[in-house]
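All remarks here apply to the structure that follows.
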Amino acid sequence: MNCWLSVSLNEECVVYCVPISFCARDLGPSMDLEGMAKISILLVGLWLLVNWSGLLDAKYMKYKNPKLSIDTRVEDLVKRMTLEEKIGQMLQVERKYVPADLLKKYFIGSVLSEGGSIPAPQASAETWIDMVNEFQKGALSTRLGIPMFYGIDAVHGHNTIHNATIFPHNIGLGATRDPELVKRIGAATALEVRATGIQYVYSPCIAVCRDPRWGRCYESYSEDPELVQAMTEIIPGLQGDIPNDSPKGVPFIAGKEKVIGCAKHYVGDGGTTNGIDEHNTVIDRDGLMKIHMPGYFSSISKGVATIMASYSSWNGVKMHAHHDLITGYLKNTLHFKGFVISDFEGIDRITSPPRANITYSIEAGVSAGIDMFMVPKHYTEFIDVLTMLVKNKHIPMSRIDDAVRRILWVKFMMGIFENPFADYSLAKYLGIQEHRNLAREAVRKSMVLLKNGESADKPLLPLPKKAPKILVAGSHADNLGYQCGGWTIEWQGVSGNNLLKGTTILAAVKDTVDPETTVVYKENPDVEFVKSNEFSYAIVVVGEHPYAEMHGDSMNLTIPEPGPEIITNVCGAIKCVVIIISGRPVVIEPYVGSIDALVAAWLPGSEGQGVADVLFGDYGFTGKLPRTWFKTVDQLPMNAGDPHYDPLFPFGFGLSTKPSKALFSS
């Protein structure tokens, strides 16, 4: 044998030998049977050579084989990745700052919409899908074709999206005491999110708000850790029911109608001093474990795929830099196998002022155990700095590999390698009537009746549907934006009815009363108007204006004007029920004496008909306070079980009514 053919594929040397003397000698016209046999052998050999690449692909590109275990696929892919590709997977970038071609250039692992970030005004589900799929094309065009996922804040329904169903905020859901309802809301939210092509939601918030002065208190189900734990049932709604034989801490996502969930904000975000957003939670380890950690125990046991670090600190140490709690406790003790994600620009805020030393912040965040980083704008800086830190051995490659393995594990689990593109057939589920009916059910179950008449034998509620003339007043009676609160369309929420699809409380009242009942709406009536119109009764709807995060921090918790004036003018003149639209308890004690009936409606969302359902007795009031209602802010913080506990209405309080007539379903 004096020649051979060889080929090197996938770092394996494959040699196939063909003797030249044989080739030249046996191609003549008088070829005998032996020669023909040799040519046949030659052709078979050449066929094997040509097809060997495909055979090697099947054998060695294991990560592309869905029949193999996720662990096998992850390990195979990680071995193939360069440092640049690994760091790219650790990034989540804002859609405004990363055209699809840059996903390919920088191997970006994920894209997000910050609050209010949309592809077009009032964009349709199909427009969202088009955008997400364009990003996906960019990700798939990379050398290894690793798909990206898209993240968004869907914290009370798919709240950024035009025409989506807006559910009550978490504080209202806590008032329902109904984990099964919350699970159904999770499933409906997941379906509406998938209807727009998005795969990842930053939900649920499992903060235990211990001070209502905190601007995110409405994102917390309760001051009570056990109630918060119960409400983690939203996770199997979002992600699917975890199999009985699933190992502890392993993420689970059940298919194309489910999403990646995110328990947040780890840990202690609801316990900061004076409720100041992103500040310091001062509590011993035992208190942290008893109050703020239980929600994470339940979330992990239900297969939550991701956990978001908190902007806040624990006893002076920033959570984004807390190795002991992220790596030591969450990953090593609780055996959480999903990935930990930073909050929006979370590493920037490790220092004060933010971005004072970005190299330190990146090293601290990665070393603490954060796996994916929301770096909306400065992602090339992150890539350069982290590359330098690894090459200079300040951060070991094992830490990078741990982060990438966790991210890839979730991607393989959710099936995005096999089905990377969004399904247009799901677009029809955005804002469907079934989901609006569910939201309406949640609204009526979340209403908490705090007062009903001067005595139990003389209740005002349920209100009569048939009356000559009734008054509806207040800044929040005909305002869907106020009704929904923050994190609705925009980060800070909106005002008015033009940007949302739903039913205001005023519209719900008009739809519920007898056709012969005259409904008069006046936002801020004076006393003379109220007295001179011979109203049978009045419904007053007032409360807080929308806010989110630190913009909602409040040291006084008063109802904004003209709310108190409206209460005084109306309730001082005629029988009235006051409905408070707020993200937390507010100062109400000075007015309680003049109010005949008082309802805490929280931030009910788009389906105001649920408020009318209980006001007029089609359903009874069943909601219970998910947090203590204080008398004055000087008492705060004050939670059930505290030695100085002296509330206006205690935790768990809520009067009940019975439906005024039997209900019949068709």
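The way I read the labels, and the way they are meant: chains A, B, ... in the order of the structure tokens, residue 1 as the first residue of every chain, and ligand 1 as the first ligand shown, with later ones counted on from there.
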### Message
Please list as a PyMOL selection string every residue within 7 Å of stretch 306-317 of chain A, counting only C-alpha atoms and excluding residues in the same chain fewer than 5 positions away.
### Response
chain A and resi 261-267+269+278-283+322+338-343+346
### Query
Which is closest to A:His320 among A:Asp241, A:Glu114, A:Glu418, A:Asp371, if we use only C-alpha atoms?
A:Asp371
### Task
Measuring atom to atom with only C-alpha atoms, identify which of A:Ile185, A:Arg436, A:Tyr296, A:His169 is nearest to A:Val228.
A:Tyr296
### For stretch 136-138 of chain A: contacts at 10 Å, only C-alpha atoms, fewer than 3 positions along chain excluded, given as a ChimeraX atom specification
/A:99-105,107-111,130-133,141-142,145-150,420-422
